[in-house]
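Engineer: Take a look at this one; I'll ask things after.
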Amino acid sequence: MRRCAWVNLKNPRYVRYHDEEWGVPLHDDRALFELLILETFQAGLSWECVLNKREAFRQAYDGFEIEKVVRYGEEKCAALMADAGIIRNRRKIEASIANSVVFRQIQVEFGSFDAYIWGFTGGQTVAEDYRLRTTSPLSDAVAGDLKRRGMRFVGSTTVYAYLQSIGVINGHGAECELCGTNESGARTSV
């Protein structure tokens, strides 16, 4: 199978992520929360590094159950800082906890985070080759709104990558056999 050129074909986890997740429309709030937190940890690092630690993050963050994460205090923050399986950056850990509170507030306001995030495109996927850019007017708008609400580590580049990861932006390149999706979000070859 031909894939996007950025995929490290020697890493089965990365290949599976590209083939089964990246660019696929996602509507489950728990999964949307997980990817948002993971993307914020990516800032300054490679996605492959974060992806390789995903299972450890899932364990450390209680399966990304929002109701648990919003209640994390200093004791849990210290436990996360001591967890060698995840990225131990105090500012990112503190931001992840603060961002969970904002995420929960968005859920309350919009009924779900899914309704909020997909509302920026009217529920439609934007097709845009990954080589085109690393930010867009869409990621600028989402990042600006998230920051206004109090989130941290959500700059336009991070948000653009997030929008690609959850399928709001289908960034598969023309060289990739997975570059298209149909109306239901199912993958189609181009």
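By order in the structure tokens, chains are A, B, ...; within a chain, residues start at 1; ligands start at 1, following the order shown.
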At a cut-off of 6 Å, can you tabulate as JSON lines every residue of segment 15-36 of chain A near segment 161-168 of chain A together with its closest atom pair and the distance in Å to one decimal, using only C-alpha atoms and ordering rows by chain then number?
Structural biologist:
{"residue": "A:Trp22", "atom": "CA", "partner": "A:Ser165", "partner_atom": "CA", "distance": 4.7}
{"residue": "A:Gly23", "atom": "CA", "partner": "A:Gly167", "partner_atom": "CA", "distance": 3.8}
{"residue": "A:Val24", "atom": "CA", "partner": "A:Gly167", "partner_atom": "CA", "distance": 4.5}
{"residue": "A:Pro25", "atom": "CA", "partner": "A:Gly167", "partner_atom": "CA", "distance": 4.0}
{"residue": "A:Leu26", "atom": "CA", "partner": "A:Ile166", "partner_atom": "CA", "distance": 5.1}
Engineer: Please produce a file of those selected residues containing N, CA and C atoms, as a compact mmCIF listing (two decimals), in the first residue's frame.
Structural biologist:
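Printed below is out-v6.txt as written:
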# COMPACT_ATOMS: atom_id res chain seq x y z
N TRP A 22 -5.56 8.35 11.45
CA TRP A 22 -5.25 9.70 11.01
C TRP A 22 -6.15 10.11 9.85
N GLY A 23 -6.86 11.19 10.03
CA GLY A 23 -7.74 11.69 8.98
C GLY A 23 -9.11 11.07 8.95
N VAL A 24 -9.37 10.10 9.81
CA VAL A 24 -10.70 9.48 9.88
C VAL A 24 -11.59 10.33 10.79
N PRO A 25 -12.77 10.75 10.31
CA PRO A 25 -13.64 11.56 11.16
C PRO A 25 -13.93 10.88 12.50
N LEU A 26 -13.65 11.60 13.57
CA LEU A 26 -13.78 11.09 14.93
C LEU A 26 -14.85 11.91 15.65
Engineer: Quick one: residues within 7 Å of Gly173 of chain A, only C-alpha atoms, excluding same-chain residues fewer than 6 positions away - as a list of chain:residue names?
Structural biologist: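 My reading of the contact set: A:Cys4, A:Asp129, A:Tyr130, A:Cys179.
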Engineer: Which residues are near Asn99 of chain A? Cut-off 10 Å, only C-alpha atoms, ignore same chain within fewer than 6 positions. Put them as a PyMOL selection string.
Structural biologist: chain A and resi 33+36-37+40+69-70+92-93+105+146-147+149-154
Engineer: Skip Ser136 of chain A itself and residues of its chain fewer than 4 positions away, then list as a list in words all residues within 10 Å of it, counting only C-alpha atoms.
Structural biologist: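 So, after excluding close chain neighbours, the residues are Leu132, Asp140, Ala141, Val142, Ser156, Thr157, Val159 and Tyr160 of chain A.
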Engineer: For the helix (DSSP H, G or I) assignment from backbone DSSP, which residues of chain A qualify? Please present them as a ChimeraX atom specification.
Structural biologist: /A:12-20,29-42,47-52,54-60,62-64,66-69,74-82,90-110,113-119,137-149,156-165
Engineer: Can you write out the residues you just picked, keeping C-alpha atoms, as an mmCIF file, in the first residue's frame?
Structural biologist:
data_model
loop_
_atom_site.group_PDB
_atom_site.id
_atom_site.type_symbol
_atom_site.label_atom_id
_atom_site.label_comp_id
_atom_site.auth_asym_id
_atom_site.auth_seq_id
_atom_site.Cartn_x
_atom_site.Cartn_y
_atom_site.Cartn_z
ATOM 1 C CA PRO A 12 4.170 -0.753 12.939
ATOM 2 C CA ARG A 13 2.419 1.462 15.510
ATOM 3 C CA TYR A 14 2.944 4.520 13.311
ATOM 4 C CA VAL A 15 1.799 2.688 10.168
ATOM 5 C CA ARG A 16 -1.345 1.458 11.960
ATOM 6 C CA TYR A 17 -2.068 4.988 13.220
ATOM 7 C CA HIS A 18 -1.750 6.377 9.687
ATOM 8 C CA ASP A 19 -3.845 3.620 8.122
ATOM 9 C CA GLU A 20 -6.617 3.341 10.710
ATOM 10 C CA ASP A 29 -15.556 12.773 23.091
ATOM 11 C CA ARG A 30 -13.233 10.481 25.063
ATOM 12 C CA ALA A 31 -11.117 9.848 21.972
ATOM 13 C CA LEU A 32 -11.242 13.547 21.023
ATOM 14 C CA PHE A 33 -10.002 14.390 24.520
ATOM 15 C CA GLU A 34 -7.202 11.823 24.353
ATOM 16 C CA LEU A 35 -5.897 13.131 21.054
ATOM 17 C CA LEU A 36 -6.119 16.743 22.187
ATOM 18 C CA ILE A 37 -4.037 15.968 25.266
ATOM 19 C CA LEU A 38 -1.537 13.926 23.253
ATOM 20 C CA GLU A 39 -1.199 16.680 20.643
ATOM 21 C CA THR A 40 -0.440 19.226 23.363
ATOM 22 C CA PHE A 41 2.348 16.966 24.627
ATOM 23 C CA GLN A 42 3.748 16.820 21.094
ATOM 24 C CA TRP A 47 4.282 12.774 16.850
ATOM 25 C CA GLU A 48 6.015 9.414 16.590
ATOM 26 C CA CYS A 49 7.604 9.990 20.020
ATOM 27 C CA VAL A 50 4.195 10.729 21.555
ATOM 28 C CA LEU A 51 2.506 7.857 19.733
ATOM 29 C CA ASN A 52 5.117 5.431 21.057
ATOM 30 C CA ARG A 54 0.372 6.426 23.985
ATOM 31 C CA GLU A 55 -0.380 3.322 26.036
ATOM 32 C CA ALA A 56 1.618 4.683 28.964
ATOM 33 C CA PHE A 57 -0.319 7.955 28.674
ATOM 34 C CA ARG A 58 -3.600 6.022 28.694
ATOM 35 C CA GLN A 59 -2.601 4.289 31.900
ATOM 36 C CA ALA A 60 -1.243 7.419 33.544
ATOM 37 C CA ASP A 62 -6.931 6.922 33.723
ATOM 38 C CA GLY A 63 -7.965 6.030 30.198
ATOM 39 C CA PHE A 64 -8.530 9.735 29.491
ATOM 40 C CA ILE A 66 -12.555 13.388 31.584
ATOM 41 C CA GLU A 67 -14.378 13.229 34.920
ATOM 42 C CA LYS A 68 -11.260 11.790 36.549
ATOM 43 C CA VAL A 69 -8.743 14.089 34.871
ATOM 44 C CA GLU A 74 -0.963 18.269 43.021
ATOM 45 C CA GLU A 75 -0.576 14.649 44.165
ATOM 46 C CA LYS A 76 -1.574 13.314 40.749
ATOM 47 C CA CYS A 77 0.580 15.938 39.048
ATOM 48 C CA ALA A 78 3.571 14.679 41.069
ATOM 49 C CA ALA A 79 2.731 11.085 40.126
ATOM 50 C CA LEU A 80 2.636 12.052 36.449
ATOM 51 C CA MET A 81 5.986 13.827 36.792
ATOM 52 C CA ALA A 82 7.437 10.615 38.244
ATOM 53 C CA ARG A 90 5.593 19.986 34.302
ATOM 54 C CA ARG A 91 4.178 22.820 32.191
ATOM 55 C CA LYS A 92 2.536 20.365 29.784
ATOM 56 C CA ILE A 93 1.198 18.198 32.604
ATOM 57 C CA GLU A 94 -0.277 21.220 34.381
ATOM 58 C CA ALA A 95 -1.700 22.455 31.071
ATOM 59 C CA SER A 96 -3.258 19.047 30.363
ATOM 60 C CA ILE A 97 -5.135 19.196 33.665
ATOM 61 C CA ALA A 98 -6.229 22.811 33.156
ATOM 62 C CA ASN A 99 -7.218 22.016 29.546
ATOM 63 C CA SER A 100 -9.368 19.130 30.756
ATOM 64 C CA VAL A 101 -11.420 21.591 32.795
ATOM 65 C CA VAL A 102 -11.929 23.786 29.720
ATOM 66 C CA PHE A 103 -12.750 20.699 27.623
ATOM 67 C CA ARG A 104 -15.434 19.764 30.175
ATOM 68 C CA GLN A 105 -16.823 23.324 30.128
ATOM 69 C CA ILE A 106 -17.078 23.126 26.334
ATOM 70 C CA GLN A 107 -18.936 19.816 26.638
ATOM 71 C CA VAL A 108 -21.447 21.439 28.978
ATOM 72 C CA GLU A 109 -21.875 24.518 26.771
ATOM 73 C CA PHE A 110 -22.217 22.664 23.438
ATOM 74 C CA PHE A 113 -16.862 18.535 22.456
ATOM 75 C CA ASP A 114 -17.694 16.815 19.170
ATOM 76 C CA ALA A 115 -20.449 19.371 18.472
ATOM 77 C CA TYR A 116 -18.050 22.191 19.296
ATOM 78 C CA ILE A 117 -15.060 21.088 17.215
ATOM 79 C CA TRP A 118 -17.041 19.929 14.171
ATOM 80 C CA GLY A 119 -19.124 23.099 14.357
ATOM 81 C CA PRO A 137 -7.383 30.053 8.910
ATOM 82 C CA LEU A 138 -9.394 27.169 10.413
ATOM 83 C CA SER A 139 -6.658 26.170 12.883
ATOM 84 C CA ASP A 140 -6.091 29.860 13.667
ATOM 85 C CA ALA A 141 -9.792 30.236 14.551
ATOM 86 C CA VAL A 142 -9.957 27.058 16.661
ATOM 87 C CA ALA A 143 -6.675 27.814 18.463
ATOM 88 C CA GLY A 144 -7.794 31.373 19.146
ATOM 89 C CA ASP A 145 -11.082 30.212 20.616
ATOM 90 C CA LEU A 146 -9.467 27.494 22.752
ATOM 91 C CA LYS A 147 -6.928 29.996 24.089
ATOM 92 C CA ARG A 148 -9.691 32.534 24.792
ATOM 93 C CA ARG A 149 -11.406 29.822 26.840
ATOM 94 C CA SER A 156 -2.336 27.034 15.524
ATOM 95 C CA THR A 157 0.271 24.421 14.484
ATOM 96 C CA THR A 158 -0.753 22.067 17.311
ATOM 97 C CA VAL A 159 -4.435 22.580 16.517
ATOM 98 C CA TYR A 160 -3.828 21.994 12.803
ATOM 99 C CA ALA A 161 -2.189 18.644 13.622
ATOM 100 C CA TYR A 162 -5.093 17.867 15.959
ATOM 101 C CA LEU A 163 -7.673 18.653 13.272
ATOM 102 C CA GLN A 164 -5.820 16.294 10.935
ATOM 103 C CA SER A 165 -5.668 13.561 13.568
#
Engineer: Using atom CA of Cys176 of chain A and atom CA of Glu21 of chain A as the two end points, give the distance in Å to one decimal.
Structural biologist: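 Answer for the atom CA of Cys176 of chain A to atom CA of Glu21 of chain A separation: 14.2 Å.
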Engineer: Restricting the calculation to only C-alpha atoms: of A:Asn170, A:Leu178, A:Tyr72, A:Gly85, which residue gets closest to Glu128 of chain A?
Structural biologist: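 Of all the options, A:Asn170 lies closest to Glu128 of chain A.
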Engineer: Could you tell me how far atom CA of Ile169 of chain A sits from atom CA of Gly111 of chain A, in Å to one decimal place?
Structural biologist: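 Taking atom CA of Gly111 of chain A as the start and atom CA of Ile169 of chain A as the end point, the length is 22.2 Å.
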Engineer: Using only C-alpha atoms, which of the listed residues (A:Asn89, A:His172, A:Lys53, A:Ser112) sits closest to Ala127 of chain A?
Structural biologist: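 Closest residue, counting only C-alpha atoms: A:His172.
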Engineer: Under the rule that only C-alpha atoms are counted, which of A:Ala174, A:Ala84, A:Val126, A:Leu45 is the nearest residue to Arg2 of chain A?
Structural biologist: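 Ranking A:Ala174, A:Ala84, A:Val126, A:Leu45 by distance to Arg2 of chain A, first place goes to A:Ala174.
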Engineer: Report the distance between atom CA of Glu175 of chain A and atom CA of Met1 of chain A in Å, rounded to one decimal place.
Structural biologist: 10.3 Å
